[in-house]
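J.: Sharing data-v9.txt below, compact mmCIF, N, CA and C atoms:
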```
# COMPACT_ATOMS: atom_id res chain seq x y z
N MET C 1482 26.65 -19.75 -43.43
CA MET C 1482 26.42 -20.87 -44.32
C MET C 1482 24.91 -21.16 -44.35
N ASP C 1483 24.36 -21.31 -45.53
CA ASP C 1483 22.92 -21.54 -45.63
C ASP C 1483 22.60 -23.03 -45.51
N THR C 1484 21.32 -23.33 -45.44
CA THR C 1484 20.85 -24.69 -45.21
C THR C 1484 21.30 -25.64 -46.30
N PHE C 1485 21.21 -25.21 -47.55
CA PHE C 1485 21.58 -26.08 -48.66
C PHE C 1485 23.05 -26.49 -48.57
N ASN C 1486 23.94 -25.55 -48.25
CA ASN C 1486 25.37 -25.88 -48.17
C ASN C 1486 25.67 -26.83 -47.01
N ILE C 1487 24.97 -26.67 -45.89
CA ILE C 1487 25.16 -27.58 -44.76
C ILE C 1487 24.73 -29.00 -45.16
N ILE C 1488 23.57 -29.09 -45.79
CA ILE C 1488 23.08 -30.41 -46.21
C ILE C 1488 24.00 -31.00 -47.28
N ARG C 1489 24.50 -30.19 -48.20
CA ARG C 1489 25.40 -30.67 -49.24
C ARG C 1489 26.70 -31.22 -48.64
N GLU C 1490 27.24 -30.53 -47.66
CA GLU C 1490 28.48 -31.01 -47.02
C GLU C 1490 28.23 -32.31 -46.24
N ALA C 1491 27.07 -32.42 -45.60
CA ALA C 1491 26.73 -33.67 -44.91
C ALA C 1491 26.58 -34.81 -45.92
N HIS C 1492 25.96 -34.52 -47.03
CA HIS C 1492 25.77 -35.51 -48.10
C HIS C 1492 27.13 -35.96 -48.64
N LYS C 1493 28.02 -35.02 -48.81
CA LYS C 1493 29.37 -35.33 -49.30
C LYS C 1493 30.14 -36.17 -48.27
N GLY C 1494 30.03 -35.81 -47.00
CA GLY C 1494 30.72 -36.55 -45.94
C GLY C 1494 30.23 -37.98 -45.83
N PHE C 1495 28.92 -38.17 -45.90
CA PHE C 1495 28.38 -39.52 -45.87
C PHE C 1495 28.81 -40.31 -47.11
N GLY C 1496 29.08 -39.63 -48.21
CA GLY C 1496 29.56 -40.31 -49.40
C GLY C 1496 30.88 -41.04 -49.15
N TYR C 1497 31.77 -40.41 -48.39
CA TYR C 1497 33.04 -41.06 -48.05
C TYR C 1497 32.80 -42.29 -47.17
N LEU C 1498 31.90 -42.17 -46.21
CA LEU C 1498 31.59 -43.31 -45.34
C LEU C 1498 30.99 -44.47 -46.14
N ILE C 1499 30.14 -44.13 -47.09
CA ILE C 1499 29.51 -45.17 -47.90
C ILE C 1499 30.54 -45.86 -48.78
N LEU C 1500 31.51 -45.12 -49.28
CA LEU C 1500 32.57 -45.76 -50.08
C LEU C 1500 33.30 -46.82 -49.26
N VAL C 1501 33.63 -46.49 -48.02
CA VAL C 1501 34.33 -47.45 -47.16
C VAL C 1501 33.42 -48.63 -46.84
N ALA C 1502 32.16 -48.35 -46.48
CA ALA C 1502 31.23 -49.41 -46.14
C ALA C 1502 30.96 -50.31 -47.34
N ALA C 1503 30.84 -49.74 -48.52
CA ALA C 1503 30.60 -50.53 -49.73
C ALA C 1503 31.80 -51.41 -50.05
N LEU C 1504 32.98 -50.89 -49.82
CA LEU C 1504 34.19 -51.69 -50.06
C LEU C 1504 34.23 -52.90 -49.11
N VAL C 1505 33.94 -52.67 -47.84
CA VAL C 1505 33.92 -53.77 -46.87
C VAL C 1505 32.82 -54.77 -47.25
N PHE C 1506 31.66 -54.25 -47.66
CA PHE C 1506 30.54 -55.13 -48.06
C PHE C 1506 30.93 -56.01 -49.24
N ILE C 1507 31.54 -55.44 -50.27
CA ILE C 1507 31.86 -56.23 -51.46
C ILE C 1507 32.95 -57.26 -51.14
N VAL C 1508 33.91 -56.91 -50.29
CA VAL C 1508 34.94 -57.87 -49.90
C VAL C 1508 34.31 -59.03 -49.12
N ALA C 1509 33.42 -58.70 -48.17
CA ALA C 1509 32.75 -59.74 -47.38
C ALA C 1509 31.86 -60.61 -48.26
N LEU C 1510 31.18 -59.98 -49.22
CA LEU C 1510 30.31 -60.72 -50.14
C LEU C 1510 31.13 -61.68 -51.00
N LEU C 1511 32.25 -61.21 -51.52
CA LEU C 1511 33.11 -62.07 -52.34
C LEU C 1511 33.75 -63.19 -51.52
N MET C 1512 34.11 -62.87 -50.26
CA MET C 1512 34.67 -63.91 -49.39
C MET C 1512 33.65 -65.00 -49.13
N ALA C 1513 32.40 -64.63 -48.90
CA ALA C 1513 31.35 -65.63 -48.67
C ALA C 1513 31.04 -66.40 -49.95
N MET C 1514 31.08 -65.69 -51.07
CA MET C 1514 30.76 -66.32 -52.35
C MET C 1514 31.81 -67.35 -52.75
N PHE C 1515 33.08 -67.01 -52.57
CA PHE C 1515 34.15 -67.90 -52.98
C PHE C 1515 34.65 -68.78 -51.85
N GLY C 1516 34.01 -68.69 -50.69
CA GLY C 1516 34.37 -69.57 -49.57
C GLY C 1516 33.94 -70.99 -49.87
N TYR C 1517 34.52 -71.92 -49.15
CA TYR C 1517 34.24 -73.33 -49.42
C TYR C 1517 32.82 -73.71 -49.04
N SER C 1518 32.31 -73.16 -47.97
CA SER C 1518 31.00 -73.60 -47.50
C SER C 1518 29.86 -72.70 -47.98
N GLY C 1519 30.15 -71.48 -48.36
CA GLY C 1519 29.10 -70.55 -48.76
C GLY C 1519 28.30 -70.02 -47.59
N LYS C 1520 28.82 -70.23 -46.38
CA LYS C 1520 28.13 -69.76 -45.18
C LYS C 1520 28.21 -68.24 -45.09
N ILE C 1521 27.15 -67.66 -44.57
CA ILE C 1521 27.09 -66.21 -44.39
C ILE C 1521 27.82 -65.88 -43.10
N SER C 1522 28.85 -65.06 -43.22
CA SER C 1522 29.66 -64.71 -42.06
C SER C 1522 29.07 -63.54 -41.30
N LYS C 1523 29.54 -63.37 -40.08
CA LYS C 1523 29.12 -62.21 -39.28
C LYS C 1523 29.58 -60.91 -39.93
N LEU C 1524 30.76 -60.95 -40.54
CA LEU C 1524 31.27 -59.76 -41.23
C LEU C 1524 30.33 -59.34 -42.35
N LEU C 1525 29.84 -60.31 -43.12
CA LEU C 1525 28.91 -59.99 -44.21
C LEU C 1525 27.60 -59.43 -43.66
N LYS C 1526 27.08 -60.03 -42.61
CA LYS C 1526 25.83 -59.54 -42.02
C LYS C 1526 25.99 -58.11 -41.50
N LYS C 1527 27.07 -57.87 -40.77
CA LYS C 1527 27.27 -56.54 -40.19
C LYS C 1527 27.61 -55.50 -41.26
N SER C 1528 28.41 -55.87 -42.23
CA SER C 1528 28.75 -54.91 -43.28
C SER C 1528 27.53 -54.57 -44.12
N THR C 1529 26.67 -55.55 -44.36
CA THR C 1529 25.43 -55.29 -45.09
C THR C 1529 24.53 -54.36 -44.30
N LEU C 1530 24.41 -54.62 -43.00
CA LEU C 1530 23.56 -53.77 -42.15
C LEU C 1530 24.07 -52.34 -42.13
N PHE C 1531 25.37 -52.15 -41.90
CA PHE C 1531 25.92 -50.79 -41.82
C PHE C 1531 25.85 -50.08 -43.18
N THR C 1532 26.12 -50.81 -44.25
CA THR C 1532 26.03 -50.21 -45.58
C THR C 1532 24.59 -49.80 -45.88
N MET C 1533 23.64 -50.65 -45.51
CA MET C 1533 22.24 -50.33 -45.73
C MET C 1533 21.81 -49.11 -44.92
N ILE C 1534 22.22 -49.05 -43.67
CA ILE C 1534 21.87 -47.91 -42.82
C ILE C 1534 22.46 -46.63 -43.40
N LEU C 1535 23.72 -46.67 -43.80
CA LEU C 1535 24.34 -45.49 -44.39
C LEU C 1535 23.67 -45.08 -45.69
N PHE C 1536 23.28 -46.05 -46.51
CA PHE C 1536 22.57 -45.74 -47.75
C PHE C 1536 21.25 -45.05 -47.46
N HIS C 1537 20.52 -45.55 -46.46
CA HIS C 1537 19.24 -44.94 -46.13
C HIS C 1537 19.42 -43.53 -45.58
N LEU C 1538 20.39 -43.34 -44.71
CA LEU C 1538 20.65 -41.99 -44.20
C LEU C 1538 21.07 -41.05 -45.32
N GLN C 1539 21.92 -41.54 -46.18
CA GLN C 1539 22.38 -40.73 -47.31
C GLN C 1539 21.21 -40.37 -48.22
N PHE C 1540 20.30 -41.30 -48.42
CA PHE C 1540 19.14 -41.03 -49.27
C PHE C 1540 18.25 -39.96 -48.63
N LEU C 1541 18.05 -40.04 -47.33
CA LEU C 1541 17.23 -39.02 -46.64
C LEU C 1541 17.89 -37.64 -46.70
N ILE C 1542 19.20 -37.61 -46.52
CA ILE C 1542 19.93 -36.34 -46.64
C ILE C 1542 19.83 -35.82 -48.07
N GLY C 1543 19.93 -36.72 -49.04
CA GLY C 1543 19.81 -36.33 -50.45
C GLY C 1543 18.43 -35.77 -50.78
N ILE C 1544 17.39 -36.37 -50.21
CA ILE C 1544 16.04 -35.85 -50.44
C ILE C 1544 15.91 -34.45 -49.84
N ALA C 1545 16.47 -34.26 -48.65
CA ALA C 1545 16.45 -32.92 -48.04
C ALA C 1545 17.23 -31.94 -48.92
N MET C 1546 18.32 -32.41 -49.49
CA MET C 1546 19.11 -31.55 -50.37
C MET C 1546 18.32 -31.17 -51.62
N LEU C 1547 17.55 -32.11 -52.15
CA LEU C 1547 16.71 -31.81 -53.31
C LEU C 1547 15.65 -30.76 -52.97
N VAL C 1548 15.09 -30.86 -51.78
CA VAL C 1548 14.05 -29.92 -51.38
C VAL C 1548 14.59 -28.49 -51.32
N PHE C 1549 15.81 -28.34 -50.82
CA PHE C 1549 16.41 -27.02 -50.67
C PHE C 1549 17.27 -26.61 -51.87
N SER C 1550 17.32 -27.42 -52.91
CA SER C 1550 18.22 -27.17 -54.02
C SER C 1550 17.73 -26.02 -54.92
N PRO C 1551 18.55 -24.98 -55.07
CA PRO C 1551 18.18 -23.93 -56.02
C PRO C 1551 18.31 -24.40 -57.47
N GLY C 1552 19.15 -25.39 -57.72
CA GLY C 1552 19.33 -25.91 -59.07
C GLY C 1552 18.11 -26.65 -59.57
N LEU C 1553 17.47 -27.42 -58.70
CA LEU C 1553 16.26 -28.14 -59.09
C LEU C 1553 15.13 -27.17 -59.39
N LYS C 1554 14.98 -26.16 -58.57
CA LYS C 1554 13.93 -25.16 -58.80
C LYS C 1554 14.17 -24.44 -60.13
N ALA C 1555 15.42 -24.09 -60.40
CA ALA C 1555 15.73 -23.42 -61.66
C ALA C 1555 15.47 -24.34 -62.86
N ALA C 1556 15.82 -25.62 -62.73
CA ALA C 1556 15.60 -26.56 -63.84
C ALA C 1556 14.11 -26.78 -64.08
N LEU C 1557 13.35 -26.85 -63.01
CA LEU C 1557 11.90 -27.01 -63.17
C LEU C 1557 11.26 -25.77 -63.79
N ASP C 1558 11.71 -24.58 -63.33
CA ASP C 1558 11.15 -23.33 -63.85
C ASP C 1558 11.49 -23.13 -65.33
N SER C 1559 12.69 -23.50 -65.72
CA SER C 1559 13.10 -23.29 -67.11
C SER C 1559 12.69 -24.44 -68.03
N GLY C 1560 12.23 -25.54 -67.45
CA GLY C 1560 11.81 -26.68 -68.26
C GLY C 1560 12.96 -27.50 -68.81
N THR C 1561 14.12 -27.45 -68.18
CA THR C 1561 15.29 -28.17 -68.68
C THR C 1561 15.67 -29.37 -67.81
N LEU C 1562 14.75 -29.83 -66.98
CA LEU C 1562 15.08 -30.92 -66.07
C LEU C 1562 15.50 -32.18 -66.83
N MET C 1563 14.76 -32.54 -67.84
CA MET C 1563 15.07 -33.76 -68.59
C MET C 1563 15.87 -33.50 -69.86
N SER C 1564 15.84 -32.29 -70.38
CA SER C 1564 16.54 -32.02 -71.65
C SER C 1564 18.01 -31.71 -71.43
N ASP C 1565 18.38 -31.19 -70.29
CA ASP C 1565 19.78 -30.89 -70.00
C ASP C 1565 20.40 -32.11 -69.30
N SER C 1566 21.50 -32.62 -69.84
CA SER C 1566 22.08 -33.86 -69.31
C SER C 1566 22.56 -33.70 -67.87
N TYR C 1567 23.14 -32.55 -67.53
CA TYR C 1567 23.61 -32.33 -66.15
C TYR C 1567 22.43 -32.38 -65.18
N ASN C 1568 21.35 -31.67 -65.50
CA ASN C 1568 20.18 -31.66 -64.62
C ASN C 1568 19.55 -33.04 -64.51
N ARG C 1569 19.48 -33.76 -65.62
CA ARG C 1569 18.88 -35.08 -65.61
C ARG C 1569 19.68 -36.03 -64.72
N VAL C 1570 20.99 -36.02 -64.88
CA VAL C 1570 21.83 -36.90 -64.06
C VAL C 1570 21.77 -36.50 -62.60
N THR C 1571 21.86 -35.21 -62.32
CA THR C 1571 21.90 -34.73 -60.94
C THR C 1571 20.58 -34.90 -60.20
N PHE C 1572 19.49 -34.57 -60.85
CA PHE C 1572 18.21 -34.50 -60.14
C PHE C 1572 17.27 -35.67 -60.41
N VAL C 1573 17.60 -36.54 -61.38
CA VAL C 1573 16.71 -37.67 -61.68
C VAL C 1573 17.47 -39.00 -61.57
N GLU C 1574 18.51 -39.17 -62.38
CA GLU C 1574 19.21 -40.46 -62.43
C GLU C 1574 19.94 -40.77 -61.13
N HIS C 1575 20.63 -39.80 -60.57
CA HIS C 1575 21.37 -40.02 -59.33
C HIS C 1575 20.45 -40.45 -58.19
N PRO C 1576 19.38 -39.69 -57.89
CA PRO C 1576 18.50 -40.12 -56.78
C PRO C 1576 17.81 -41.47 -57.04
N PHE C 1577 17.37 -41.69 -58.29
CA PHE C 1577 16.67 -42.93 -58.59
C PHE C 1577 17.62 -44.13 -58.48
N SER C 1578 18.83 -44.02 -58.99
CA SER C 1578 19.80 -45.12 -58.89
C SER C 1578 20.14 -45.42 -57.44
N MET C 1579 20.31 -44.39 -56.65
CA MET C 1579 20.63 -44.60 -55.24
C MET C 1579 19.45 -45.20 -54.48
N LEU C 1580 18.23 -44.82 -54.85
CA LEU C 1580 17.04 -45.42 -54.23
C LEU C 1580 16.97 -46.90 -54.54
N VAL C 1581 17.19 -47.28 -55.79
CA VAL C 1581 17.15 -48.70 -56.16
C VAL C 1581 18.26 -49.47 -55.45
N ALA C 1582 19.45 -48.88 -55.35
CA ALA C 1582 20.55 -49.53 -54.64
C ALA C 1582 20.21 -49.73 -53.16
N ALA C 1583 19.58 -48.73 -52.53
CA ALA C 1583 19.19 -48.84 -51.12
C ALA C 1583 18.13 -49.93 -50.95
N ILE C 1584 17.19 -50.03 -51.88
CA ILE C 1584 16.16 -51.07 -51.82
C ILE C 1584 16.79 -52.45 -51.96
N LEU C 1585 17.73 -52.59 -52.89
CA LEU C 1585 18.41 -53.87 -53.07
C LEU C 1585 19.20 -54.26 -51.82
N LEU C 1586 19.86 -53.30 -51.20
CA LEU C 1586 20.59 -53.60 -49.96
C LEU C 1586 19.64 -53.99 -48.84
N THR C 1587 18.46 -53.42 -48.81
CA THR C 1587 17.47 -53.79 -47.80
C THR C 1587 17.01 -55.23 -48.01
N ILE C 1588 16.78 -55.61 -49.27
CA ILE C 1588 16.39 -56.99 -49.58
C ILE C 1588 17.51 -57.96 -49.20
N ILE C 1589 18.74 -57.59 -49.51
CA ILE C 1589 19.90 -58.43 -49.17
C ILE C 1589 20.00 -58.59 -47.66
N ASN C 1590 19.85 -57.50 -46.93
CA ASN C 1590 19.94 -57.56 -45.47
C ASN C 1590 18.86 -58.47 -44.89
N LYS C 1591 17.66 -58.38 -45.41
CA LYS C 1591 16.57 -59.24 -44.93
C LYS C 1591 16.88 -60.70 -45.22
N TYR C 1592 17.41 -60.99 -46.40
CA TYR C 1592 17.76 -62.36 -46.76
C TYR C 1592 18.85 -62.90 -45.83
N LEU C 1593 19.87 -62.09 -45.57
CA LEU C 1593 20.99 -62.55 -44.75
C LEU C 1593 20.57 -62.82 -43.31
N LYS C 1594 19.55 -62.11 -42.83
CA LYS C 1594 19.05 -62.35 -41.48
C LYS C 1594 18.37 -63.71 -41.36
N LYS C 1595 17.73 -64.16 -42.44
CA LYS C 1595 16.90 -65.36 -42.37
C LYS C 1595 17.60 -66.63 -42.84
N ASN C 1596 18.73 -66.52 -43.55
CA ASN C 1596 19.36 -67.70 -44.15
C ASN C 1596 20.78 -67.88 -43.64
N GLU C 1597 21.25 -69.12 -43.76
CA GLU C 1597 22.59 -69.47 -43.31
C GLU C 1597 23.61 -69.51 -44.44
N THR C 1598 23.14 -69.77 -45.66
CA THR C 1598 24.06 -69.86 -46.80
C THR C 1598 23.70 -68.81 -47.84
N LEU C 1599 24.69 -68.44 -48.60
CA LEU C 1599 24.54 -67.39 -49.60
C LEU C 1599 24.01 -67.96 -50.91
N ALA C 1600 23.03 -67.29 -51.49
CA ALA C 1600 22.48 -67.69 -52.78
C ALA C 1600 23.07 -66.79 -53.87
N LEU C 1601 23.14 -67.31 -55.07
CA LEU C 1601 23.71 -66.56 -56.18
C LEU C 1601 22.88 -65.32 -56.50
N LYS C 1602 21.55 -65.40 -56.32
CA LYS C 1602 20.71 -64.23 -56.60
C LYS C 1602 21.05 -63.07 -55.67
N ILE C 1603 21.47 -63.36 -54.45
CA ILE C 1603 21.85 -62.30 -53.51
C ILE C 1603 23.17 -61.67 -53.93
N VAL C 1604 24.08 -62.49 -54.43
CA VAL C 1604 25.34 -61.96 -54.94
C VAL C 1604 25.07 -61.03 -56.12
N PHE C 1605 24.18 -61.46 -57.03
CA PHE C 1605 23.83 -60.61 -58.16
C PHE C 1605 23.19 -59.30 -57.71
N MET C 1606 22.31 -59.38 -56.73
CA MET C 1606 21.69 -58.16 -56.20
C MET C 1606 22.74 -57.23 -55.59
N GLY C 1607 23.69 -57.80 -54.86
CA GLY C 1607 24.75 -57.00 -54.27
C GLY C 1607 25.62 -56.33 -55.31
N VAL C 1608 25.96 -57.08 -56.34
CA VAL C 1608 26.77 -56.52 -57.42
C VAL C 1608 25.99 -55.44 -58.16
N LEU C 1609 24.70 -55.70 -58.42
CA LEU C 1609 23.86 -54.70 -59.08
C LEU C 1609 23.74 -53.43 -58.24
N ALA C 1610 23.54 -53.59 -56.94
CA ALA C 1610 23.45 -52.42 -56.05
C ALA C 1610 24.73 -51.61 -56.10
N LEU C 1611 25.87 -52.28 -56.09
CA LEU C 1611 27.14 -51.56 -56.13
C LEU C 1611 27.42 -50.96 -57.50
N LEU C 1612 26.97 -51.61 -58.57
CA LEU C 1612 27.11 -51.02 -59.90
C LEU C 1612 26.25 -49.77 -60.04
N LEU C 1613 25.03 -49.81 -59.53
CA LEU C 1613 24.18 -48.62 -59.54
C LEU C 1613 24.80 -47.50 -58.71
N PHE C 1614 25.34 -47.88 -57.56
CA PHE C 1614 26.02 -46.91 -56.71
C PHE C 1614 27.22 -46.31 -57.44
N GLY C 1615 28.01 -47.16 -58.08
CA GLY C 1615 29.18 -46.68 -58.81
C GLY C 1615 28.82 -45.79 -59.98
N TYR C 1616 27.72 -46.11 -60.66
CA TYR C 1616 27.26 -45.29 -61.78
C TYR C 1616 26.79 -43.92 -61.29
N ALA C 1617 26.02 -43.91 -60.22
CA ALA C 1617 25.39 -42.66 -59.78
C ALA C 1617 26.28 -41.84 -58.86
N PHE C 1618 27.35 -42.41 -58.36
CA PHE C 1618 28.22 -41.68 -57.44
C PHE C 1618 28.93 -40.55 -58.20
N PRO C 1619 28.88 -39.34 -57.70
CA PRO C 1619 29.52 -38.20 -58.39
C PRO C 1619 31.03 -38.18 -58.10
N TRP C 1620 31.77 -39.04 -58.76
CA TRP C 1620 33.19 -39.19 -58.49
C TRP C 1620 33.94 -37.87 -58.66
N ALA C 1621 33.65 -37.13 -59.70
CA ALA C 1621 34.38 -35.88 -59.96
C ALA C 1621 34.07 -34.83 -58.89
N LYS C 1622 32.84 -34.77 -58.44
CA LYS C 1622 32.47 -33.78 -57.42
C LYS C 1622 33.11 -34.10 -56.06
N VAL C 1623 33.12 -35.37 -55.72
CA VAL C 1623 33.62 -35.77 -54.41
C VAL C 1623 35.14 -35.70 -54.36
N PHE C 1624 35.79 -36.17 -55.41
CA PHE C 1624 37.24 -36.20 -55.39
C PHE C 1624 37.88 -35.03 -56.14
N GLY C 1625 37.07 -34.11 -56.60
CA GLY C 1625 37.57 -32.88 -57.19
C GLY C 1625 38.35 -33.05 -58.48
N ALA C 1626 37.99 -34.02 -59.28
CA ALA C 1626 38.72 -34.24 -60.54
C ALA C 1626 38.28 -33.25 -61.59
```
Here is the file; what I need is its structure written in the form of structure tokens.
T.:
Amino acid sequence: MDTFNIIREAHKGFGYLILVAALVFIVALLMAMFGYSGKISKLLKKSTLFTMILFHLQFLIGIAMLVFSPGLKAALDSGTLMSDSYNRVTFVEHPFSMLVAAILLTIINKYLKKNETLALKIVFMGVLALLLFGYAFPWAKVFGA
């Protein structure tokens, strides 16, 4: 097995972990949002931290995958990186959306460490991060549809 395939399988495996972590994060976020007091729970703090850590690890693995990707090299050599929709989504939109989602989760984590109650802007950031994640997640590749 070559380096690219090992990194791709690790990237795919972390994708499953991130799905679970993101689900726990969104449930904890909604529980805090619709709770009577709006207090930030330990579950929300920990789920945000773990989701953020997994996002960052996944992003680093993804960058390594881009470095070793024969598809990116071929797209750059042929000049079809932005003109071909598959290449654009795979090598530009997917990494950029995941980077923005990881940055938003980092901001949310920092906010949750410093505050006791949840603000609506943090809920919006969390929803936006998960929407970007949902948009960029390769559902068909991971679940084989």
J.: Which residues are near stretch 1510-1526 of chain C? Cut-off 8 Å, only N, CA and C atoms, ignore same chain within fewer than 2 positions. Put them as a PyMOL selection string.
T.: chain C and resi 1504-1508+1528-1532+1590+1593-1594+1596-1600+1604+1607
J.: One decimal, Å: what's the distance from atom C of C:Phe1618 over to atom CA of C:Ala1503, could you say?
T.: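 Going from atom C of C:Phe1618 over to atom CA of C:Ala1503 covers 13.2 Å.
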J.: Find the distance between atom CA of C:Ala1491 and atom CA of C:Ser1564 and write it in Å to one decimal.
T.: 28.7 Å
J.: Find the spatial neighbours of C:Lys1622, counting only C-alpha atoms, within a cut-off of 12 Å - ignore same-chain residues fewer than 5 positions away - and output them as a ChimeraX atom specification.
T.: /C:1489-1490,1492-1494,1496-1497,1571,1617
J.: For atom C of C:Ala1610 and atom N of C:Leu1562, quote the distance in Å rounded to one decimal.
T.: 26.3 Å
J.: Considering only C-alpha atoms, state which residue in the set C:Phe1540, C:Asp1558, C:Phe1605, C:Leu1611 is at the smallest distance from C:Ala1502.
T.: C:Leu1611
J.: For C:Ser1550, which of C:Met1579, C:Phe1485, C:Leu1535, C:Leu1612 is the closest residue, counting only N, CA and C atoms?
T.: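 That would be C:Phe1485, the residue with the smallest distance to C:Ser1550.
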J.: Quick one: pick out all helix (DSSP H, G or I) residues within stretch 1487-1608 of chain C from a backbone DSSP run and write them as JSON, numbers by chain.
T.: {"C": [1487, 1488, 1489, 1490, 1491, 1492, 1493, 1494, 1495, 1496, 1497, 1498, 1499, 1500, 1501, 1502, 1503, 1504, 1505, 1506, 1507, 1508, 1509, 1510, 1511, 1512, 1513, 1514, 1515, 1523, 1524, 1525, 1526, 1527, 1528, 1529, 1530, 1531, 1532, 1533, 1534, 1535, 1536, 1537, 1538, 1539, 1540, 1541, 1542, 1543, 1544, 1545, 1546, 1547, 1548, 1551, 1552, 1553, 1554, 1555, 1556, 1557, 1558, 1559, 1566, 1567, 1568, 1569, 1570, 1571, 1572, 1573, 1574, 1575, 1576, 1577, 1578, 1579, 1580, 1581, 1582, 1583, 1584, 1585, 1586, 1587, 1588, 1589, 1590, 1591, 1592, 1593, 1594, 1595, 1601, 1602, 1603, 1604, 1605, 1606, 1607, 1608]}
J.: Counting all atoms listed in the file, which of C:Leu1547, C:Leu1586, C:Ala1555, C:Leu1609 gets nearest to C:Met1533?
T.: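 The shortest atom-to-atom distance to C:Met1533 comes from C:Leu1586.
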J.: Counting all atoms listed in the file, figure out which residue out of C:Ile1499, C:Ile1488, C:Glu1574, C:Ala1509 gets nearest to C:Gly1543.
T.: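 Checking each of C:Ile1499, C:Ile1488, C:Glu1574, C:Ala1509 against C:Gly1543, counting all atoms listed in the file, the winner is C:Ile1488.
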J.: Kindly indicate which residue among C:Met1546, C:Met1563, C:Ile1588, C:Ala1582 lies nearest to C:Tyr1616, using only C-alpha atoms for the distances.
T.: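 Between C:Met1546, C:Met1563, C:Ile1588, C:Ala1582, the residue approaching C:Tyr1616 most closely is C:Ala1582.
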